file query.txt (compact mmCIF, C-alpha atoms)
# COMPACT_ATOMS: atom_id res chain seq x y z
CA MET V 1 54.34 17.32 132.04
CA ASP V 2 56.97 19.00 134.23
CA ASN V 3 59.18 19.81 131.28
CA ARG V 4 56.33 21.29 129.39
CA ALA V 5 55.27 23.35 132.42
CA ARG V 6 58.91 24.42 132.86
CA GLY V 7 59.17 25.39 129.23
CA TYR V 8 55.92 27.32 129.52
CA ASN V 9 57.18 29.11 132.63
CA ILE V 10 60.42 30.08 130.89
CA THR V 11 58.72 31.49 127.84
CA LEU V 12 56.28 33.33 130.09
CA GLN V 13 59.22 34.82 132.02
CA LEU V 14 60.98 35.83 128.77
CA HIS V 15 57.78 37.40 127.54
CA LYS V 16 57.45 39.41 130.74
CA ASP V 17 61.12 40.43 130.53
CA LEU V 18 60.61 41.65 126.99
CA HIS V 19 57.63 43.73 128.06
CA ILE V 20 59.59 45.22 130.95
CA LEU V 21 62.58 45.94 128.71
CA THR V 22 60.51 47.79 126.11
CA ILE V 23 58.74 49.80 128.78
CA LEU V 24 62.09 50.66 130.42
CA THR V 25 63.73 51.80 127.14
CA ALA V 26 60.69 53.89 126.23
CA PHE V 27 60.81 55.50 129.65
CA LEU V 28 64.55 56.21 129.34
CA MET V 29 64.10 57.81 125.93
CA LEU V 30 61.35 60.01 127.25
CA ALA V 31 63.46 60.89 130.27
CA THR V 32 66.51 61.93 128.23
CA ARG V 33 64.34 63.92 125.83
CA ALA V 34 62.71 65.73 128.73
CA LEU V 35 66.07 66.38 130.37
CA SER V 36 67.58 67.75 127.14
CA LEU V 37 64.86 70.39 127.05
CA VAL V 38 65.73 71.47 130.56
CA GLY V 39 69.45 71.90 130.05
CA LYS V 40 72.09 69.83 128.37
CA ARG V 41 74.58 70.03 131.20
CA ALA V 42 72.00 68.52 133.60
CA ILE V 43 72.15 65.09 131.93
CA SER V 44 75.70 64.17 132.82
CA THR V 45 75.48 65.12 136.47
CA SER V 46 72.13 63.54 137.22
CA ILE V 47 72.36 60.18 135.43
CA CYS V 48 76.01 59.48 136.28
CA VAL V 49 75.50 56.90 139.00
CA ARG V 50 78.45 54.59 138.58
CA GLY V 51 78.13 51.18 140.19
CA GLY V 52 76.71 52.45 143.43
CA HIS V 53 79.65 54.84 144.15
CA GLY V 54 77.71 58.06 143.67
CA VAL V 55 77.91 60.86 141.12
CA ALA V 56 81.19 61.12 139.13
CA LYS V 57 82.53 64.63 138.92
CA VAL V 58 82.55 65.83 135.32
CA ASP V 59 85.09 68.55 134.48
CA ASP V 60 84.22 71.44 132.20
CA TYR V 61 86.58 70.39 129.48
CA ALA V 62 84.82 67.02 129.14
CA LEU V 63 81.44 68.59 128.42
CA PRO V 64 80.29 69.78 124.99
CA ALA V 65 81.77 73.21 124.42
CA TYR V 66 80.75 76.29 122.49
CA PHE V 67 83.15 77.74 119.92
CA ASP V 68 82.83 80.08 116.94
CA ARG V 69 84.27 78.32 113.87
CA ARG V 70 83.40 78.84 110.25
CA GLU V 71 83.64 75.12 109.47
CA ASN V 72 81.41 74.14 112.43
CA PRO V 73 78.46 76.50 112.03
CA LEU V 74 76.13 74.93 114.64
CA PRO V 75 78.00 74.27 117.91
CA ASP V 76 76.96 71.56 120.39
CA VAL V 77 75.64 74.00 123.00
CA GLN V 78 74.11 77.45 122.85
CA PHE V 79 76.25 80.33 123.99
CA VAL V 80 74.19 81.64 126.93
CA THR V 81 73.66 78.83 129.45
CA GLU V 82 71.86 80.66 132.28
CA LEU V 83 69.00 82.65 130.80
CA SER V 84 67.73 85.76 132.52
CA ALA V 85 64.00 86.19 133.10
CA VAL V 86 63.66 88.33 129.96
CA GLN V 87 65.51 85.73 127.92
CA LYS V 88 63.41 82.90 129.34
CA SER V 89 60.19 84.67 128.39
CA LEU V 90 61.66 85.28 124.94
CA LYS V 91 62.41 81.60 124.57
CA GLU V 92 58.81 80.83 125.49
CA LYS V 93 57.63 83.31 122.86
CA GLU V 94 59.92 81.57 120.34
CA LYS V 95 57.83 78.40 120.71
CA GLY V 96 54.89 80.19 119.12
CA SER V 97 54.65 81.68 115.66
CA TRP V 98 57.85 83.42 114.60
CA ALA V 99 55.93 86.02 112.62
CA THR V 100 55.06 87.67 115.93
CA LEU V 101 58.72 88.24 116.81
CA SER V 102 60.14 91.69 116.18
CA ASN V 103 63.57 92.14 114.54
CA GLU V 104 65.19 93.06 117.87
CA GLU V 105 63.75 89.92 119.45
CA LYS V 106 65.11 87.78 116.61
CA ILE V 107 68.54 89.33 117.09
CA ALA V 108 68.29 88.76 120.86
CA LEU V 109 67.46 85.09 120.23
CA TYR V 110 70.45 84.83 117.87
CA ARG V 111 72.74 86.30 120.50
CA ILE V 112 71.45 83.79 123.07
CA SER V 113 72.48 80.91 120.81
CA PHE V 114 75.64 82.38 119.30
CA LYS V 115 78.45 84.59 120.53
CA GLN V 116 79.77 86.08 117.26
CA SER V 117 78.15 86.32 113.87
CA PHE V 118 80.00 84.93 110.86
CA ALA V 119 81.01 88.43 109.82
CA GLU V 120 82.43 89.10 113.28
CA MET V 121 84.33 85.83 113.58
CA ASN V 122 85.81 86.09 110.07
CA GLU V 123 87.15 89.62 110.30
CA GLY V 124 90.93 89.92 110.13
CA THR V 125 93.21 90.97 112.94
CA LYS V 126 96.02 93.55 112.87
CA GLU V 127 98.58 90.79 113.38
CA TRP V 128 100.22 91.34 109.99
CA LYS V 129 101.75 94.60 111.22
CA SER V 130 103.61 92.76 113.99
CA VAL V 131 104.70 90.13 111.48
CA ILE V 132 106.16 92.71 109.07
CA ALA V 133 107.82 94.56 111.94
CA GLY V 134 109.41 91.33 113.15
CA MET V 135 110.60 90.50 109.65
CA PHE V 136 112.32 93.87 109.21
CA PHE V 137 113.88 93.67 112.67
CA PHE V 138 115.41 90.25 112.10
CA ILE V 139 116.59 91.15 108.59
CA GLY V 140 118.32 94.18 110.15
CA MET V 141 119.94 92.05 112.84
CA THR V 142 121.14 89.62 110.18
CA GLY V 143 122.63 92.53 108.24
CA LEU V 144 124.63 93.61 111.28
CA VAL V 145 125.86 90.06 111.80
CA VAL V 146 126.94 89.84 108.15
CA LEU V 147 128.84 93.13 108.38
CA TRP V 148 130.68 92.00 111.51
CA GLN V 149 131.48 88.73 109.79
CA ARG V 150 132.91 90.48 106.72
CA LYS V 151 135.20 92.60 108.93
CA PHE V 152 136.33 90.10 111.55
CA VAL V 153 135.94 86.62 110.12
CA TYR V 154 136.75 86.60 106.41
CA GLY V 155 140.30 86.97 105.09
CA PRO V 156 141.38 89.34 102.30
CA VAL V 157 139.84 89.18 98.85
CA PRO V 158 141.90 87.59 95.95
CA PRO V 159 144.16 89.83 93.77
CA THR V 160 141.88 89.32 90.80
CA PHE V 161 139.59 92.02 92.26
CA GLU V 162 142.16 94.84 91.99
CA SER V 163 141.51 97.58 89.37
CA GLU V 164 144.67 96.89 87.34
CA TRP V 165 143.80 93.23 87.09
CA LYS V 166 140.22 94.05 86.12
CA GLU V 167 141.35 96.43 83.39
CA LYS V 168 143.59 93.75 81.87
CA GLU V 169 140.70 91.29 82.17
CA VAL V 170 138.28 93.56 80.26
CA GLN V 171 140.86 94.20 77.55
CA ARG V 172 141.43 90.46 77.08
CA MET V 173 137.65 89.86 76.86
CA LEU V 174 137.34 92.52 74.17
CA ASP V 175 140.32 91.03 72.28
CA MET V 176 138.63 87.61 72.34
CA ARG V 177 135.38 89.19 71.04
CA ILE V 178 133.25 87.89 73.91
CA ASN V 179 129.53 88.06 72.90
CA PRO V 180 130.05 90.26 69.84
CA VAL V 181 126.42 90.18 68.57
CA GLU V 182 124.28 91.44 71.45
CA GLY V 183 126.45 91.28 74.58
CA PHE V 184 129.78 92.47 75.94
CA SER V 185 131.92 93.21 72.88
CA ALA V 186 128.90 94.50 70.95
CA LYS V 187 128.98 97.56 73.22
CA TRP V 188 132.64 98.39 72.42
CA ASP V 189 133.57 100.61 69.47
CA TYR V 190 136.66 98.90 67.98
CA GLU V 191 137.39 101.77 65.57
CA ASN V 192 137.51 104.53 68.16
CA LYS V 193 138.65 102.27 71.03
CA GLU V 194 135.94 103.39 73.44
CA TRP V 195 132.57 102.22 74.69
CA LYS V 196 129.72 102.88 72.30
CA LYS V 197 127.45 105.76 73.24
CA MET K 1 64.47 90.01 106.73
CA SER K 2 64.62 87.12 104.29
CA LEU K 3 67.65 86.87 102.00
CA ALA K 4 67.76 85.21 98.59
CA LYS K 5 68.98 81.60 98.70
CA PRO K 6 72.65 81.59 97.67
CA ALA K 7 73.92 79.50 94.76
CA MET K 8 74.54 75.99 96.06
CA ARG K 9 75.68 74.19 92.92
CA GLY K 10 77.80 74.69 89.82
CA LEU K 11 80.30 76.93 91.61
CA LEU K 12 83.39 75.30 90.14
CA GLY K 13 81.88 75.20 86.67
CA LYS K 14 81.00 78.87 86.85
CA ARG K 15 84.54 79.74 87.98
CA LEU K 16 86.13 77.68 85.22
CA ARG K 17 83.87 79.11 82.52
CA PHE K 18 84.96 82.56 83.64
CA HIS K 19 88.67 82.05 84.24
CA LEU K 20 89.77 79.46 81.68
CA PRO K 21 89.19 81.59 78.54
CA ILE K 22 90.99 84.48 80.25
CA ALA K 23 93.88 82.18 81.21
CA PHE K 24 94.21 80.84 77.66
CA ALA K 25 94.05 84.33 76.16
CA LEU K 26 96.68 85.71 78.54
CA SER K 27 98.99 82.75 77.90
CA LEU K 28 98.73 83.27 74.15
CA VAL K 29 99.43 86.98 74.60
CA ALA K 30 102.48 86.21 76.74
CA ALA K 31 103.83 83.75 74.17
CA ALA K 32 103.25 86.18 71.31
CA ALA K 33 104.84 89.03 73.23
CA PHE K 34 107.95 86.96 73.94
CA LYS K 35 108.20 85.77 70.34
CA TYR K 36 107.89 89.21 68.77
CA GLY K 37 109.62 91.11 71.56
CA VAL K 38 112.61 88.85 72.17
CA THR K 39 113.21 85.99 69.75
CA GLU K 40 112.48 87.78 66.45
CA PRO K 41 114.70 90.80 67.26
CA ARG K 42 117.42 88.43 68.42
CA LYS K 43 117.30 86.43 65.18
CA GLN K 44 117.40 89.65 63.20
CA ALA K 45 120.38 90.94 65.21
CA TYR K 46 122.36 87.78 64.52
CA ALA K 47 121.44 87.89 60.82
CA ASP K 48 122.53 91.52 60.53
CA PHE K 49 125.79 90.88 62.39
CA TYR K 50 126.87 88.03 60.19
CA LYS K 51 125.85 89.80 56.98
CA GLN K 52 128.67 92.32 57.49
CA TYR K 53 131.11 89.89 59.10
CA ASP K 54 134.59 89.67 57.53
CA THR K 55 136.10 86.50 59.02
CA THR K 56 139.68 87.11 57.88
CA LYS K 57 139.77 90.67 59.17
CA GLU K 58 138.39 89.65 62.56
CA PHE K 59 140.83 86.74 62.77
CA ASN K 60 143.80 88.99 62.07
CA ASN K 61 142.64 91.51 64.64
CA MET K 62 142.31 88.80 67.28
CA ARG K 63 145.67 87.33 66.32
CA ASP K 64 147.43 90.67 66.69
CA ALA K 65 145.85 91.18 70.08
CA GLY K 66 147.64 87.96 71.14
CA VAL K 67 144.71 85.82 72.31
CA PHE K 68 145.55 82.72 70.23
CA GLU K 69 147.94 79.96 71.26
CA SER K 70 148.21 78.31 67.83
CA VAL K 71 149.40 81.42 65.96
CA ARG K 72 151.57 84.27 67.24
CA PRO K 73 150.84 87.89 66.24
CA THR K 74 152.10 88.94 62.77
CA GLY K 75 155.69 90.06 62.98
CA GLU K 76 156.90 87.81 65.81
call {"tool": "encode", "arguments": {"input": "query.txt", "output": "structure tokens"}}
result
Amino acid sequence: MDNRARGYNITLQLHKDLHILTILTAFLMLATRALSLVGKRAISTSICVRGGHGVAKVDDYALPAYFDRRENPLPDVQFVTELSAVQKSLKEKEKGSWATLSNEEKIALYRISFKQSFAEMNEGTKEWKSVIAGMFFFIGMTGLVVLWQRKFVYGPVPPTFESEWKEKEVQRMLDMRINPVEGFSAKWDYENKEWKK
Amino acid sequence: MSLAKPAMRGLLGKRLRFHLPIAFALSLVAAAAFKYGVTEPRKQAYADFYKQYDTTKEFNNMRDAGVFESVRPTGE
């Protein structure tokens, strides 16, 4: 009799817990939905009660941020966080039929949610001019370094570069008939002993 | 203020159908240009050169110039 009563009590308690749990979760969902309409930043500061120690300070970098990126077209937050009175009334008007909005109002609503349009964020900069300028400057500097190196670091060039040596070299190549079909010796006139015109 | 819906599908296929025939045509043109601009003239040049080539005369000329190690110039 006791066991059965006990069992009955336990199941009754569980049943009540379940009811309370469902009611609590429903309330929480409603609460977060309501809060998200008010302002996204409000959630973190108002619900953050950590183990009875009070509100934890949340830094700006930890909150969802706004940024204009082509690959992330719909950022986590809208651009303008504090709306002026005009903007607030416009947002109220947005809840009605959009056919009643003028073109300027639609653009104003866009600018509330976004900072730059896709055309604005994608346009190129003038950075390439600095890049080309830097390239030319460093190529010039390298040229100066190479010239200094040629004068002060390298030793003399071998004797095979002298004109007399080169003349003998060319004569030997012509004697050997180097590339006689389309190349070197083809350009030499062997009858008249001169380069072909 | 309503724009036409942009094309969402078949973008790669459209690009390939446009560019592949052009790519094939240009490659064939490049190959033909090289064949008839470079290789055929070169073959003809070699053929013409060796048609009028007198081996003995050229050998004697080279020998007299002194470039061979196996034979000395005539008269030494």
call {"tool": "residues_around", "arguments": {"input": "query.txt", "residues": "Arg72 of chain K", "least_positions_apart": "6", "cutoff": "9 Å", "atoms": "all atoms listed in the file", "output": "short mmCIF file (atom, residue, chain, number, x, y, z; two decimals) with C-alpha atoms, in the coordinates of the input"}}
result
data_model
loop_
_atom_site.label_atom_id
_atom_site.label_comp_id
_atom_site.auth_asym_id
_atom_site.auth_seq_id
_atom_site.Cartn_x
_atom_site.Cartn_y
_atom_site.Cartn_z
CA ARG K 63 145.67 87.33 66.32
CA ASP K 64 147.43 90.67 66.69
CA GLY K 66 147.64 87.96 71.14
#
call {"tool": "closest_residue", "arguments": {"input": "query.txt", "among": "V:Lys95, V:Lys57, V:Arg177, V:Lys126", "to": "chain K", "atoms": "only C-alpha atoms"}}
result
V:Arg177
call {"tool": "atom_distance", "arguments": {"input": "query.txt", "atom1": "atom CA of Asn122 of chain V", "atom2": "atom CA of Arg70 of chain V"}}
result
7.6 Å
call {"tool": "interface_residues", "arguments": {"input": "query.txt", "of": "chain K", "to": "chain V", "cutoff": "12 Å", "atoms": "all atoms listed in the file", "output": "JSON, numbers by chain"}}
result
{"K": [1, 2, 38, 41, 42, 43, 44, 45, 46, 47, 48, 49, 50, 51, 52, 53, 58, 59, 60, 61, 62, 63, 64, 65, 66, 67, 68]}
call {"tool": "atom_distance", "arguments": {"input": "query.txt", "atom1": "atom CA of Asp54 of chain K", "atom2": "atom CA of Ile178 of chain V"}}
result
16.5 Å
call {"tool": "atom_distance", "arguments": {"input": "query.txt", "atom1": "atom CA of Leu83 of chain V", "atom2": "atom CA of Tyr66 of chain V"}}
result
15.7 Å
call {"tool": "residues_around", "arguments": {"input": "query.txt", "residues": "Glu92 of chain V", "least_positions_apart": "5", "cutoff": "12 Å", "atoms": "all atoms listed in the file", "output": "PDB file with C-alpha atoms, in the frame of the given file"}}
result
ATOM      1  CA  LEU V  83      69.000  82.650 130.800  1.00  0.00           C
ATOM      2  CA  ALA V  85      64.000  86.190 133.100  1.00  0.00           C
ATOM      3  CA  VAL V  86      63.660  88.330 129.960  1.00  0.00           C
ATOM      4  CA  GLN V  87      65.510  85.730 127.920  1.00  0.00           C
ATOM      5  CA  SER V  97      54.650  81.680 115.660  1.00  0.00           C
ATOM      6  CA  TRP V  98      57.850  83.420 114.600  1.00  0.00           C
ATOM      7  CA  LEU V 101      58.720  88.240 116.810  1.00  0.00           C
ATOM      8  CA  GLU V 105      63.750  89.920 119.450  1.00  0.00           C
ATOM      9  CA  LEU V 109      67.460  85.090 120.230  1.00  0.00           C
TER      10      LEU V 109
END
call {"tool": "residues_around", "arguments": {"input": "query.txt", "residues": "Ala65 of chain V", "least_positions_apart": "6", "cutoff": "12 Å", "atoms": "all atoms listed in the file", "output": "PDB file with C-alpha atoms, in the coordinates of the input"}}
result
ATOM      1  CA  LYS V  40      72.090  69.830 128.370  1.00  0.00           C
ATOM      2  CA  ARG V  41      74.580  70.030 131.200  1.00  0.00           C
ATOM      3  CA  ASP V  59      85.090  68.550 134.480  1.00  0.00           C
ATOM      4  CA  LEU V  74      76.130  74.930 114.640  1.00  0.00           C
ATOM      5  CA  PRO V  75      78.000  74.270 117.910  1.00  0.00           C
ATOM      6  CA  ASP V  76      76.960  71.560 120.390  1.00  0.00           C
ATOM      7  CA  VAL V  77      75.640  74.000 123.000  1.00  0.00           C
ATOM      8  CA  GLN V  78      74.110  77.450 122.850  1.00  0.00           C
ATOM      9  CA  PHE V  79      76.250  80.330 123.990  1.00  0.00           C
ATOM     10  CA  VAL V  80      74.190  81.640 126.930  1.00  0.00           C
ATOM     11  CA  THR V  81      73.660  78.830 129.450  1.00  0.00           C
TER      12      THR V  81
END
call {"tool": "decode", "arguments": {"input": "query.txt", "residues": "segment 130-174 of chain V", "atoms": "N, CA and C atoms", "output": "mmCIF file, in the first residue's frame"}}
result
data_model
loop_
_atom_site.group_PDB
_atom_site.id
_atom_site.type_symbol
_atom_site.label_atom_id
_atom_site.label_comp_id
_atom_site.auth_asym_id
_atom_site.auth_seq_id
_atom_site.Cartn_x
_atom_site.Cartn_y
_atom_site.Cartn_z
ATOM 1 N N SER V 130 50.600 52.321 -56.209
ATOM 2 C CA SER V 130 51.679 52.202 -55.222
ATOM 3 C C SER V 130 52.484 50.937 -55.461
ATOM 4 N N VAL V 131 51.792 49.867 -55.857
ATOM 5 C CA VAL V 131 52.494 48.594 -56.072
ATOM 6 C C VAL V 131 53.490 48.738 -57.211
ATOM 7 N N ILE V 132 53.034 49.326 -58.342
ATOM 8 C CA ILE V 132 53.925 49.480 -59.495
ATOM 9 C C ILE V 132 55.088 50.399 -59.135
ATOM 10 N N ALA V 133 54.777 51.491 -58.407
ATOM 11 C CA ALA V 133 55.840 52.412 -58.008
ATOM 12 C C ALA V 133 56.877 51.688 -57.159
ATOM 13 N N GLY V 134 56.417 50.879 -56.204
ATOM 14 C CA GLY V 134 57.346 50.139 -55.365
ATOM 15 C C GLY V 134 58.191 49.177 -56.161
ATOM 16 N N MET V 135 57.548 48.501 -57.121
ATOM 17 C CA MET V 135 58.284 47.566 -57.982
ATOM 18 C C MET V 135 59.415 48.274 -58.708
ATOM 19 N N PHE V 136 59.112 49.404 -59.362
ATOM 20 C CA PHE V 136 60.138 50.115 -60.122
ATOM 21 C C PHE V 136 61.258 50.590 -59.204
ATOM 22 N N PHE V 137 60.861 51.088 -58.012
ATOM 23 C CA PHE V 137 61.882 51.586 -57.090
ATOM 24 C C PHE V 137 62.852 50.490 -56.708
ATOM 25 N N PHE V 138 62.326 49.322 -56.334
ATOM 26 C CA PHE V 138 63.210 48.252 -55.876
ATOM 27 C C PHE V 138 64.010 47.656 -57.015
ATOM 28 N N ILE V 139 63.432 47.637 -58.240
ATOM 29 C CA ILE V 139 64.224 47.164 -59.383
ATOM 30 C C ILE V 139 65.385 48.121 -59.617
ATOM 31 N N GLY V 140 65.117 49.449 -59.493
ATOM 32 C CA GLY V 140 66.186 50.431 -59.628
ATOM 33 C C GLY V 140 67.281 50.238 -58.603
ATOM 34 N N MET V 141 66.884 50.063 -57.343
ATOM 35 C CA MET V 141 67.861 49.851 -56.271
ATOM 36 C C MET V 141 68.713 48.618 -56.572
ATOM 37 N N THR V 142 68.051 47.550 -57.028
ATOM 38 C CA THR V 142 68.787 46.326 -57.360
ATOM 39 C C THR V 142 69.783 46.585 -58.478
ATOM 40 N N GLY V 143 69.370 47.408 -59.457
ATOM 41 C CA GLY V 143 70.290 47.745 -60.547
ATOM 42 C C GLY V 143 71.540 48.425 -60.029
ATOM 43 N N LEU V 144 71.363 49.374 -59.099
ATOM 44 C CA LEU V 144 72.517 50.069 -58.533
ATOM 45 C C LEU V 144 73.429 49.088 -57.802
ATOM 46 N N VAL V 145 72.809 48.178 -57.043
ATOM 47 C CA VAL V 145 73.608 47.191 -56.310
ATOM 48 C C VAL V 145 74.407 46.327 -57.280
ATOM 49 N N VAL V 146 73.769 45.939 -58.392
ATOM 50 C CA VAL V 146 74.461 45.083 -59.372
ATOM 51 C C VAL V 146 75.634 45.826 -59.995
ATOM 52 N N LEU V 147 75.438 47.108 -60.306
ATOM 53 C CA LEU V 147 76.527 47.891 -60.899
ATOM 54 C C LEU V 147 77.709 47.983 -59.952
ATOM 55 N N TRP V 148 77.417 48.280 -58.661
ATOM 56 C CA TRP V 148 78.484 48.375 -57.677
ATOM 57 C C TRP V 148 79.242 47.056 -57.585
ATOM 58 N N GLN V 149 78.455 45.968 -57.628
ATOM 59 C CA GLN V 149 79.028 44.631 -57.511
ATOM 60 C C GLN V 149 79.983 44.355 -58.671
ATOM 61 N N ARG V 150 79.523 44.721 -59.884
ATOM 62 C CA ARG V 150 80.354 44.488 -61.078
ATOM 63 C C ARG V 150 81.668 45.243 -60.967
ATOM 64 N N LYS V 151 81.653 46.442 -60.380
ATOM 65 C CA LYS V 151 82.868 47.260 -60.319
ATOM 66 C C LYS V 151 83.770 46.837 -59.173
ATOM 67 N N PHE V 152 83.207 46.516 -58.021
ATOM 68 C CA PHE V 152 84.036 46.361 -56.820
ATOM 69 C C PHE V 152 84.168 44.934 -56.319
ATOM 70 N N VAL V 153 83.334 44.017 -56.833
ATOM 71 C CA VAL V 153 83.393 42.673 -56.267
ATOM 72 C C VAL V 153 84.014 41.684 -57.253
ATOM 73 N N TYR V 154 83.537 41.727 -58.512
ATOM 74 C CA TYR V 154 83.987 40.720 -59.468
ATOM 75 C C TYR V 154 85.378 41.029 -59.984
ATOM 76 N N GLY V 155 86.135 39.952 -60.314
ATOM 77 C CA GLY V 155 87.462 40.122 -60.885
ATOM 78 C C GLY V 155 87.369 40.367 -62.373
ATOM 79 N N PRO V 156 88.520 40.399 -63.083
ATOM 80 C CA PRO V 156 88.494 40.664 -64.525
ATOM 81 C C PRO V 156 87.864 39.506 -65.291
ATOM 82 N N VAL V 157 87.461 39.836 -66.520
ATOM 83 C CA VAL V 157 86.745 38.890 -67.367
ATOM 84 C C VAL V 157 87.805 38.034 -68.096
ATOM 85 N N PRO V 158 87.517 36.761 -68.501
ATOM 86 C CA PRO V 158 88.553 35.916 -69.105
ATOM 87 C C PRO V 158 89.064 36.492 -70.433
ATOM 88 N N PRO V 159 90.235 36.027 -70.941
ATOM 89 C CA PRO V 159 90.791 36.574 -72.184
ATOM 90 C C PRO V 159 89.985 36.206 -73.408
ATOM 91 N N THR V 160 89.107 35.204 -73.268
ATOM 92 C CA THR V 160 88.320 34.790 -74.419
ATOM 93 C C THR V 160 87.320 35.864 -74.852
ATOM 94 N N PHE V 161 87.176 36.959 -74.104
ATOM 95 C CA PHE V 161 86.248 38.016 -74.478
ATOM 96 C C PHE V 161 86.910 39.101 -75.311
ATOM 97 N N GLU V 162 88.247 39.054 -75.451
ATOM 98 C CA GLU V 162 88.926 40.114 -76.211
ATOM 99 C C GLU V 162 88.581 40.017 -77.675
ATOM 100 N N SER V 163 88.702 41.162 -78.433
ATOM 101 C CA SER V 163 88.258 41.191 -79.840
ATOM 102 C C SER V 163 89.084 40.254 -80.693
ATOM 103 N N GLU V 164 90.430 40.209 -80.466
ATOM 104 C CA GLU V 164 91.254 39.347 -81.325
ATOM 105 C C GLU V 164 90.843 37.897 -81.164
ATOM 106 N N TRP V 165 90.613 37.510 -79.886
ATOM 107 C CA TRP V 165 90.201 36.134 -79.648
ATOM 108 C C TRP V 165 88.882 35.850 -80.322
ATOM 109 N N LYS V 166 87.946 36.798 -80.222
ATOM 110 C CA LYS V 166 86.613 36.603 -80.807
ATOM 111 C C LYS V 166 86.696 36.478 -82.319
ATOM 112 N N GLU V 167 87.577 37.278 -82.942
ATOM 113 C CA GLU V 167 87.698 37.185 -84.403
ATOM 114 C C GLU V 167 88.179 35.803 -84.802
ATOM 115 N N LYS V 168 89.204 35.300 -84.072
ATOM 116 C CA LYS V 168 89.708 33.956 -84.397
ATOM 117 C C LYS V 168 88.627 32.908 -84.180
ATOM 118 N N GLU V 169 87.795 33.152 -83.118
ATOM 119 C CA GLU V 169 86.725 32.196 -82.819
ATOM 120 C C GLU V 169 85.711 32.125 -83.949
ATOM 121 N N VAL V 170 85.307 33.309 -84.472
ATOM 122 C CA VAL V 170 84.318 33.356 -85.551
ATOM 123 C C VAL V 170 84.891 32.681 -86.800
ATOM 124 N N GLN V 171 86.159 32.942 -87.089
ATOM 125 C CA GLN V 171 86.763 32.347 -88.280
ATOM 126 C C GLN V 171 86.772 30.822 -88.182
ATOM 127 N N ARG V 172 87.097 30.317 -86.965
ATOM 128 C CA ARG V 172 87.117 28.861 -86.788
ATOM 129 C C ARG V 172 85.728 28.266 -86.946
ATOM 130 N N MET V 173 84.689 28.978 -86.433
ATOM 131 C CA MET V 173 83.309 28.489 -86.575
ATOM 132 C C MET V 173 82.908 28.427 -88.043
ATOM 133 N N LEU V 174 83.313 29.452 -88.807
ATOM 134 C CA LEU V 174 82.967 29.436 -90.236
ATOM 135 C C LEU V 174 83.720 28.319 -90.952
#
